[in-house]
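To be precise, the following lines are final.tsv, and they hold TSV, C-alpha atoms.
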chain	number	residue	atom	x	y	z
A	1	MET	CA	-6.54	-47.94	32.26
A	2	ALA	CA	-3.53	-47.25	34.46
A	3	GLU	CA	-1.07	-50.00	35.28
A	4	SER	CA	-0.05	-50.61	38.87
A	5	ALA	CA	3.48	-49.77	40.04
A	6	GLN	CA	3.34	-52.77	42.35
A	7	GLN	CA	6.43	-54.93	41.77
A	8	ARG	CA	7.34	-53.06	38.60
A	9	ARG	CA	11.09	-52.70	38.20
A	10	ALA	CA	11.99	-49.07	37.57
A	11	THR	CA	15.40	-47.59	36.77
A	12	VAL	CA	15.79	-43.87	37.49
A	13	PHE	CA	18.76	-42.11	35.89
A	14	GLY	CA	19.68	-39.04	37.91
A	15	GLY	CA	17.97	-40.57	40.94
A	16	THR	CA	20.27	-38.66	43.30
A	17	GLY	CA	19.25	-35.26	41.91
A	18	PHE	CA	16.53	-32.89	43.13
A	19	LEU	CA	13.73	-34.27	40.95
A	20	GLY	CA	15.22	-37.76	40.77
A	21	ARG	CA	15.11	-38.22	44.54
A	22	ALA	CA	11.43	-37.26	44.60
A	23	VAL	CA	10.68	-39.70	41.75
A	24	VAL	CA	12.50	-42.52	43.53
A	25	LYS	CA	10.56	-41.93	46.75
A	26	ARG	CA	7.25	-41.79	44.90
A	27	LEU	CA	7.89	-44.98	42.95
A	28	GLU	CA	9.08	-46.80	46.06
A	29	ALA	CA	5.99	-45.66	47.98
A	30	GLU	CA	3.76	-47.00	45.24
A	31	GLY	CA	5.34	-50.45	45.39
A	32	ALA	CA	7.85	-50.38	42.55
A	33	VAL	CA	11.24	-52.06	42.84
A	34	VAL	CA	13.52	-49.07	42.24
A	35	ARG	CA	17.06	-48.86	40.95
A	36	VAL	CA	18.97	-45.56	41.13
A	37	ALA	CA	21.43	-45.12	38.25
A	38	ALA	CA	23.96	-42.32	38.64
A	39	ARG	CA	27.67	-41.63	38.35
A	40	ASN	CA	27.75	-41.45	42.14
A	41	PRO	CA	24.72	-43.55	43.11
A	42	HIS	CA	25.47	-43.41	46.83
A	43	ALA	CA	25.27	-39.61	47.07
A	44	GLY	CA	22.48	-38.34	49.29
A	45	ALA	CA	19.80	-40.14	51.26
A	46	ARG	CA	17.43	-42.61	49.63
A	47	PRO	CA	14.64	-44.92	50.85
A	48	ALA	CA	15.74	-48.22	52.39
A	49	GLY	CA	15.74	-51.11	49.93
A	50	VAL	CA	16.39	-49.00	46.85
A	51	GLU	CA	19.06	-50.58	44.64
A	52	THR	CA	21.93	-48.43	43.38
A	53	VAL	CA	24.09	-48.88	40.30
A	54	ALA	CA	26.90	-46.80	38.83
A	55	ALA	CA	26.06	-45.53	35.36
A	56	ASP	CA	27.58	-42.79	33.22
A	57	LEU	CA	25.53	-41.43	30.31
A	58	ARG	CA	28.76	-41.26	28.29
A	59	ASP	CA	29.20	-45.04	28.65
A	60	GLY	CA	26.68	-47.07	26.69
A	61	ASP	CA	27.61	-50.34	28.42
A	62	SER	CA	26.95	-48.96	31.91
A	63	VAL	CA	23.63	-47.49	30.73
A	64	ALA	CA	22.60	-50.86	29.26
A	65	ARG	CA	23.45	-52.64	32.52
A	66	ALA	CA	21.41	-50.10	34.48
A	67	VAL	CA	18.23	-50.75	32.46
A	68	ALA	CA	18.63	-54.54	32.34
A	69	ASP	CA	15.30	-56.18	33.34
A	70	ALA	CA	13.65	-52.78	34.00
A	71	ASP	CA	9.96	-52.45	33.12
A	72	TRP	CA	10.04	-48.67	33.46
A	73	VAL	CA	12.88	-46.21	32.82
A	74	VAL	CA	13.08	-42.55	33.84
A	75	ASN	CA	15.75	-40.13	32.62
A	76	ALA	CA	15.85	-37.28	35.14
A	77	VAL	CA	19.44	-36.25	34.47
A	78	GLY	CA	19.80	-32.49	34.11
A	79	LEU	CA	22.67	-30.13	33.38
A	80	TYR	CA	21.99	-26.43	33.81
A	81	ARG	CA	25.43	-24.96	33.21
A	82	GLU	CA	28.32	-26.32	31.22
A	83	GLY	CA	31.75	-26.85	32.70
A	84	ARG	CA	34.28	-29.39	33.96
A	85	GLY	CA	34.00	-31.34	30.73
A	86	GLU	CA	30.19	-31.50	30.83
A	87	THR	CA	28.25	-30.07	27.90
A	88	PHE	CA	24.57	-29.76	27.06
A	89	GLN	CA	25.18	-31.83	23.92
A	90	ALA	CA	26.82	-34.66	25.87
A	91	VAL	CA	24.14	-34.85	28.58
A	92	HIS	CA	20.86	-33.74	27.03
A	93	VAL	CA	21.37	-35.14	23.54
A	94	GLU	CA	23.91	-37.96	23.39
A	95	GLY	CA	23.25	-39.15	26.94
A	96	ALA	CA	19.50	-39.07	26.43
A	97	ARG	CA	19.92	-41.02	23.19
A	98	ARG	CA	21.89	-43.75	24.98
A	99	VAL	CA	19.25	-44.12	27.69
A	100	ALA	CA	16.42	-44.33	25.14
A	101	LYS	CA	18.32	-46.77	22.94
A	102	ALA	CA	19.16	-49.04	25.88
A	103	ALA	CA	15.54	-48.94	27.08
A	104	ALA	CA	14.31	-49.87	23.59
A	105	GLN	CA	16.77	-52.74	23.30
A	106	GLY	CA	15.93	-54.01	26.77
A	107	SER	CA	12.64	-55.06	28.33
A	108	ALA	CA	11.31	-51.60	29.15
A	109	GLU	CA	7.62	-51.02	28.47
A	110	ALA	CA	7.68	-47.31	29.28
A	111	LEU	CA	10.25	-44.51	29.23
A	112	VAL	CA	9.73	-41.06	30.72
A	113	HIS	CA	12.22	-38.45	29.56
A	114	ILE	CA	12.45	-35.18	31.52
A	115	SER	CA	12.95	-32.14	29.31
A	116	GLY	CA	11.89	-28.54	29.96
A	117	ILE	CA	9.09	-26.15	29.07
A	118	GLY	CA	9.58	-24.41	25.74
A	119	ALA	CA	12.18	-26.82	24.31
A	120	ASP	CA	12.88	-25.27	20.90
A	121	PRO	CA	15.56	-26.08	18.31
A	122	ALA	CA	15.53	-22.42	17.19
A	123	SER	CA	16.04	-20.91	20.66
A	124	GLU	CA	18.92	-18.49	21.28
A	125	SER	CA	19.67	-20.51	24.42
A	126	PRO	CA	22.10	-23.45	23.89
A	127	TYR	CA	20.44	-25.18	26.85
A	128	VAL	CA	16.95	-24.96	25.31
A	129	ARG	CA	18.24	-26.05	21.88
A	130	ALA	CA	19.93	-29.08	23.45
A	131	ARG	CA	16.73	-30.00	25.26
A	132	ALA	CA	14.87	-29.97	21.94
A	133	ALA	CA	17.57	-32.01	20.21
A	134	GLY	CA	17.47	-34.48	23.09
A	135	GLU	CA	13.74	-34.95	22.69
A	136	ALA	CA	14.22	-35.71	19.00
A	137	ALA	CA	16.97	-38.23	19.81
A	138	VAL	CA	14.74	-39.95	22.37
A	139	ARG	CA	11.79	-40.12	19.98
A	140	GLU	CA	14.01	-41.65	17.29
A	141	ALA	CA	15.31	-44.36	19.61
A	142	PHE	CA	12.11	-45.00	21.62
A	143	PRO	CA	9.06	-43.64	19.73
A	144	GLU	CA	6.64	-44.46	22.56
A	145	ALA	CA	8.60	-42.47	25.14
A	146	THR	CA	6.66	-39.96	27.22
A	147	ILE	CA	8.30	-36.54	27.35
A	148	LEU	CA	7.60	-34.32	30.35
A	149	ARG	CA	8.53	-30.65	30.19
A	150	PRO	CA	8.26	-29.13	33.67
A	151	SER	CA	8.75	-25.45	34.36
A	152	VAL	CA	11.29	-24.43	37.01
A	153	LEU	CA	11.07	-26.78	40.01
A	154	PHE	CA	10.77	-25.63	43.61
A	155	GLY	CA	10.67	-27.29	47.00
A	156	PRO	CA	12.97	-28.06	49.94
A	157	GLU	CA	16.64	-28.04	48.88
A	158	ASP	CA	15.83	-26.51	45.48
A	159	SER	CA	18.28	-24.23	43.69
A	160	PHE	CA	15.56	-21.72	42.81
A	161	THR	CA	13.69	-20.28	45.80
A	162	ASN	CA	16.52	-21.02	48.24
A	163	SER	CA	19.01	-19.15	46.04
A	164	LEU	CA	16.64	-16.20	45.74
A	165	ALA	CA	16.22	-16.14	49.52
A	166	ARG	CA	19.99	-16.07	50.04
A	167	ILE	CA	20.31	-13.16	47.60
A	168	ALA	CA	17.54	-11.28	49.39
A	169	LYS	CA	19.24	-11.71	52.76
A	170	ALA	CA	22.66	-10.67	51.45
A	171	THR	CA	21.84	-7.54	49.43
A	172	PRO	CA	20.24	-4.17	50.34
A	173	VAL	CA	18.19	-4.17	47.10
A	174	PHE	CA	16.89	-7.02	44.98
A	175	PRO	CA	17.82	-6.76	41.28
A	176	LEU	CA	15.17	-7.80	38.75
A	177	PHE	CA	15.67	-9.21	35.28
A	178	GLY	CA	14.37	-6.37	33.12
A	179	ASP	CA	11.22	-4.94	34.65
A	180	GLY	CA	10.35	-8.26	36.29
A	181	SER	CA	7.44	-8.99	33.95
A	182	THR	CA	8.74	-12.34	32.63
A	183	ARG	CA	6.14	-14.99	33.43
A	184	LEU	CA	6.94	-18.34	35.01
A	185	GLN	CA	4.94	-21.35	36.20
A	186	PRO	CA	6.99	-22.92	39.02
A	187	VAL	CA	6.22	-26.59	39.70
A	188	PHE	CA	6.38	-28.21	43.13
A	189	VAL	CA	8.89	-31.05	42.87
A	190	GLU	CA	6.48	-33.56	44.45
A	191	ASP	CA	3.86	-32.74	41.80
A	192	ALA	CA	6.43	-33.32	39.06
A	193	ALA	CA	7.39	-36.65	40.63
A	194	THR	CA	3.75	-37.73	40.76
A	195	ALA	CA	3.37	-36.75	37.11
A	196	VAL	CA	6.30	-39.06	36.28
A	197	THR	CA	4.75	-42.05	38.02
A	198	ARG	CA	1.38	-41.46	36.39
A	199	ALA	CA	2.93	-41.11	32.95
A	200	LEU	CA	4.76	-44.41	33.47
A	201	ALA	CA	1.60	-46.18	34.60
A	202	ARG	CA	-0.76	-44.92	31.89
A	203	PRO	CA	-0.52	-46.52	28.46
A	204	GLU	CA	-2.37	-43.55	26.97
A	205	ALA	CA	0.55	-41.31	27.96
A	206	ARG	CA	3.04	-43.17	25.79
A	207	GLY	CA	4.31	-41.28	22.79
A	208	ARG	CA	2.94	-37.97	24.10
A	209	THR	CA	4.59	-34.74	25.24
A	210	TYR	CA	3.28	-32.95	28.35
A	211	GLU	CA	4.13	-29.41	29.42
A	212	LEU	CA	3.89	-29.14	33.20
A	213	GLY	CA	3.26	-25.66	34.54
A	214	GLY	CA	1.86	-24.52	37.87
A	215	LYS	CA	0.25	-21.20	38.72
A	216	VAL	CA	1.45	-18.31	36.54
A	217	TYR	CA	3.49	-15.57	38.24
A	218	SER	CA	5.53	-12.66	37.00
A	219	TYR	CA	9.12	-12.75	38.21
A	220	ARG	CA	8.43	-9.61	40.24
A	221	ALA	CA	5.41	-11.24	41.91
A	222	LEU	CA	7.49	-14.30	42.82
A	223	ILE	CA	10.15	-12.13	44.44
A	224	GLU	CA	7.52	-10.18	46.38
A	225	LEU	CA	5.98	-13.46	47.53
A	226	LEU	CA	9.35	-14.78	48.68
A	227	LEU	CA	10.28	-11.57	50.51
A	228	HIS	CA	6.96	-11.69	52.33
A	229	GLN	CA	7.58	-15.28	53.39
A	230	ILE	CA	11.06	-14.63	54.82
A	231	GLU	CA	9.87	-11.33	56.33
A	232	ILE	CA	12.42	-9.14	54.62
A	233	THR	CA	11.78	-5.76	53.00
A	234	ARG	CA	13.95	-4.94	49.99
A	235	PRO	CA	13.49	-2.37	47.21
A	236	LEU	CA	13.13	-4.10	43.83
A	237	LEU	CA	15.59	-2.72	41.28
A	238	PRO	CA	14.76	-3.27	37.58
A	239	LEU	CA	17.95	-3.82	35.56
A	240	PRO	CA	18.01	-3.84	31.73
A	241	PHE	CA	19.04	-7.14	30.20
A	242	VAL	CA	22.04	-5.47	28.54
A	243	LEU	CA	23.49	-4.87	32.01
A	244	TRP	CA	22.88	-8.48	33.02
A	245	GLU	CA	24.62	-9.63	29.83
A	246	ALA	CA	27.60	-7.37	30.50
A	247	GLN	CA	27.90	-8.81	33.99
A	248	ALA	CA	27.68	-12.37	32.64
A	249	ARG	CA	30.47	-11.70	30.14
A	250	LEU	CA	32.63	-10.25	32.90
A	251	LEU	CA	32.07	-13.21	35.22
A	252	SER	CA	32.14	-15.96	32.57
A	253	PRO	CA	35.83	-16.90	33.18
A	254	LEU	CA	34.99	-17.94	36.75
A	255	PRO	CA	34.60	-21.71	37.26
A	256	ARG	CA	31.27	-21.23	39.08
A	257	ALA	CA	29.99	-17.96	37.66
A	258	PRO	CA	26.92	-16.75	39.61
A	259	ILE	CA	25.12	-15.82	36.38
A	260	THR	CA	25.53	-17.06	32.81
A	261	ARG	CA	24.47	-15.67	29.45
A	262	ASP	CA	22.32	-18.76	28.97
A	263	GLN	CA	20.39	-18.08	32.17
A	264	ILE	CA	19.82	-14.50	31.03
A	265	ALA	CA	18.53	-15.71	27.67
A	266	LEU	CA	16.03	-17.93	29.49
A	267	MET	CA	14.75	-14.98	31.53
A	268	ARG	CA	14.18	-12.85	28.43
A	269	GLN	CA	11.08	-14.86	27.51
A	270	ASP	CA	8.08	-16.28	29.34
A	271	ASN	CA	8.48	-19.81	30.69
A	272	VAL	CA	4.88	-20.98	30.52
A	273	ALA	CA	3.15	-24.11	29.29
A	274	ASP	CA	1.78	-24.35	25.75
A	275	PRO	CA	-2.03	-24.52	26.10
A	276	GLU	CA	-2.14	-26.73	22.98
A	277	LEU	CA	-0.21	-29.51	24.73
A	278	PRO	CA	-1.49	-31.78	27.51
A	279	GLY	CA	-0.33	-31.02	31.02
A	280	PHE	CA	-1.07	-31.75	34.66
A	281	ALA	CA	-4.83	-31.88	34.10
A	282	GLU	CA	-4.52	-34.70	31.57
A	283	LEU	CA	-2.60	-36.67	34.19
A	284	GLY	CA	-5.33	-36.06	36.75
A	285	LEU	CA	-3.29	-33.60	38.83
A	286	GLU	CA	-3.80	-30.08	40.15
A	287	PRO	CA	-0.39	-28.55	40.90
A	288	ALA	CA	0.26	-26.73	44.16
A	289	ALA	CA	0.83	-22.97	44.20
A	290	VAL	CA	4.12	-21.50	45.42
A	291	GLU	CA	2.45	-19.69	48.33
A	292	ASP	CA	1.02	-22.98	49.59
A	293	ILE	CA	4.42	-24.70	49.75
A	294	LEU	CA	6.97	-22.01	50.68
A	295	PRO	CA	5.95	-21.91	54.38
A	296	ARG	CA	6.86	-25.60	54.67
A	297	TYR	CA	10.56	-25.04	54.16
A	298	LEU	CA	11.55	-21.37	53.98
A	299	GLY	CA	11.94	-20.05	57.49
A	300	THR	CA	11.36	-16.44	58.41
A	301	SER	CA	14.16	-13.98	59.06
A	302	GLY	CA	13.75	-10.41	60.10
A	303	SER	CA	15.96	-7.66	58.73
Can you turn what I pasted into structure tokens?
Amino acid sequence: MAESAQQRRATVFGGTGFLGRAVVKRLEAEGAVVRVAARNPHAGARPAGVETVAADLRDGDSVARAVADADWVVNAVGLYREGRGETFQAVHVEGARRVAKAAAQGSAEALVHISGIGADPASESPYVRARAAGEAAVREAFPEATILRPSVLFGPEDSFTNSLARIAKATPVFPLFGDGSTRLQPVFVEDAATAVTRALARPEARGRTYELGGKVYSYRALIELLLHQIEITRPLLPLPFVLWEAQARLLSPLPRAPITRDQIALMRQDNVADPELPGFAELGLEPAAVEDILPRYLGTSGS
């Protein structure tokens, strides 16, 4: 039987991020007393009445203070490219370990750790390997933690569909990764946030790993869908991965390189949920399709 969020105290690490903001709003709407823990907790808008606290995943004392008296803890901190002293190891492994350890030593009944679909210690992607190592660290420190592995997130202010739309508007052709056949299962951010709250509230979810995938699309089909929505016609140009890798090597010295070798490695393989693992259905959810949500936030633009 699910527990009520009413008057539960919940600490959300990364509560100022894309997914974190949605989780905070969902928890607050369901009656939880929410605390946002982040290095810059005052960044961005948040619901009135939500507490904020400064916490750095590199500082165990600040993490412990952030989870003090929390019934529920969510780690939604994500790092998608290394730089400026931030590494996948520091954030996804050591930082995740500190959060889980502090939650275990405190009063937390439930911990939800956000990972990613296909987390694999043998992956060629350092990001994916770190995600897998982080899961192991969390399990060691808090065995009853619930691990959620969403596919790429989309929604207003995302860095996925909005970036693709900007590329489409700025270039005469749209380059594809390979032949565009890589499969993805984009997840609407609000569905992911609801999955978090349900995992927190359901004792049967504790100790389990869920892979959260929406409708399956090829990369080419996603681009065609997006171009249709913004009313732009662009030829789709397949580019071999070796050319993408050469470009990534060339641009890698830049502080904010537009493409990284790690991102290319991720696009070499399908990003779809493992049918052997529980997912949205086991949490009582049916995820929205991309075509149902895009019209809500991507305006049209003729070209």
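Of the listed residues (A:Leu27, A:Ala165, A:Val128, A:Val216), A:Val216 comes nearest to A:Val272; the distances count all atoms listed in the file.
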Would you kindly identify which residues have an atom no farther than 12 Å from (9.5, -45.5, 21.2), using only C-alpha atoms and the file's own coordinates, and write them out as a ChimeraX atom specification?
/A:97,99-105,108-113,135-147,205-208
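Between atom CA of A:Thr194 and atom CA of A:Glu276 the separation is 21.7 Å.
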Could you tell me how far atom CA of A:Gly118 lies from atom CA of A:Asn271, in Å and to one decimal?
6.8 Å
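Among the candidates A:Ala70, A:Ala76, A:Val152, A:Ala54, the residue lying nearest to A:Leu266 is A:Val152 (atoms considered: all atoms listed in the file).
If you measure from each of A:Thr171, A:Thr260, A:Thr197, A:Asn162 to A:Leu237 using only C-alpha atoms, the closest one turns out to be A:Thr171.
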Excluding stretch 177-179 of chain A and residues on its chain fewer than 3 positions from it, collect all residues at most 9 Å away from it, counting only C-alpha atoms, and give them as a VMD selection string.
chain A and resid 182 219 to 220 237 to 242 244 264 267 to 268
Could you take the residues named above and write them with C-alpha atoms, as a PDB file, keeping the file's coordinate frame?
ATOM      1  CA  THR A 182       8.740 -12.340  32.630  1.00  0.00           C
ATOM      2  CA  TYR A 219       9.120 -12.750  38.210  1.00  0.00           C
ATOM      3  CA  ARG A 220       8.430  -9.610  40.240  1.00  0.00           C
ATOM      4  CA  LEU A 237      15.590  -2.720  41.280  1.00  0.00           C
ATOM      5  CA  PRO A 238      14.760  -3.270  37.580  1.00  0.00           C
ATOM      6  CA  LEU A 239      17.950  -3.820  35.560  1.00  0.00           C
ATOM      7  CA  PRO A 240      18.010  -3.840  31.730  1.00  0.00           C
ATOM      8  CA  PHE A 241      19.040  -7.140  30.200  1.00  0.00           C
ATOM      9  CA  VAL A 242      22.040  -5.470  28.540  1.00  0.00           C
ATOM     10  CA  TRP A 244      22.880  -8.480  33.020  1.00  0.00           C
ATOM     11  CA  ILE A 264      19.820 -14.500  31.030  1.00  0.00           C
ATOM     12  CA  MET A 267      14.750 -14.980  31.530  1.00  0.00           C
ATOM     13  CA  ARG A 268      14.180 -12.850  28.430  1.00  0.00           C
TER      14      ARG A 268
END
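Residue nearest A:Gln269 within the list A:Ile117, A:Leu285, A:Leu251, A:Ile230: A:Ile117 [criterion: smallest interatomic distance, all atoms listed in the file].
Distance check against A:Glu86 using only C-alpha atoms: of A:Arg58, A:Arg234, A:Arg98, A:Arg9, the minimum falls on A:Arg58.
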Six-sided padding of 6 Å per side, axis-aligned box over stretch 191-198 of chain A, centre and edges in Å, one decimal, as lines of an AutoDock Vina configuration file:
center_x = 4.4
center_y = -37.4
center_z = 39.0
size_x = 18.0
size_y = 21.3
size_z = 17.5
If we count all atoms listed in the file and set the cut-off at 12 Å, which residues sit around A:Val53, ignoring sequence neighbours fewer than 3 positions away in its own chain? Please answer as a VMD selection string.
chain A and resid 11 to 16 34 to 43 50 56 62 to 68
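Going from atom CA of A:Arg261 to atom CA of A:Ala273 covers 22.9 Å.
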Considering all atoms listed in the file, return as a VMD selection string whatever protein or nucleic-acid residues lie within 12 Å of A:Ala195, sequence-local ones (same chain, fewer than 3 positions apart) excluded.
chain A and resid 19 22 to 23 26 to 27 74 112 to 114 146 to 150 187 to 192 198 to 202 205 210 to 213 278 to 287
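Minimum distance to A:Gly106 across A:Trp72, A:Phe88, A:Phe18, A:Tyr80 (counting all atoms listed in the file) occurs at A:Trp72.
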So that I can see what lies close to A:Ala221, please list as a VMD selection string the residues with an atom at most 12 Å from it, counting only C-alpha atoms and leaving out residues fewer than 2 positions away in the same chain.
chain A and resid 176 179 to 185 215 to 219 223 to 228 236 290 to 291
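For A:Ser123, the residues within 12 Å (counting all atoms listed in the file, excluding itself and residues fewer than 2 positions away along the chain) are Gly118, Ala119, Asp120, Pro121, Ser125, Pro126, Tyr127, Val128, Arg129, Ala130, Arg131, Ala132, Ala133, Asp262, Ala265, Leu266, Arg268 and Gln269 of chain A.
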Output C-alpha atoms of each residue in that selection to a file, as a compact mmCIF listing (two decimals), in the coordinates of the input.
# COMPACT_ATOMS: atom_id res chain seq x y z
CA GLY A 118 9.58 -24.41 25.74
CA ALA A 119 12.18 -26.82 24.31
CA ASP A 120 12.88 -25.27 20.90
CA PRO A 121 15.56 -26.08 18.31
CA SER A 125 19.67 -20.51 24.42
CA PRO A 126 22.10 -23.45 23.89
CA TYR A 127 20.44 -25.18 26.85
CA VAL A 128 16.95 -24.96 25.31
CA ARG A 129 18.24 -26.05 21.88
CA ALA A 130 19.93 -29.08 23.45
CA ARG A 131 16.73 -30.00 25.26
CA ALA A 132 14.87 -29.97 21.94
CA ALA A 133 17.57 -32.01 20.21
CA ASP A 262 22.32 -18.76 28.97
CA ALA A 265 18.53 -15.71 27.67
CA LEU A 266 16.03 -17.93 29.49
CA ARG A 268 14.18 -12.85 28.43
CA GLN A 269 11.08 -14.86 27.51
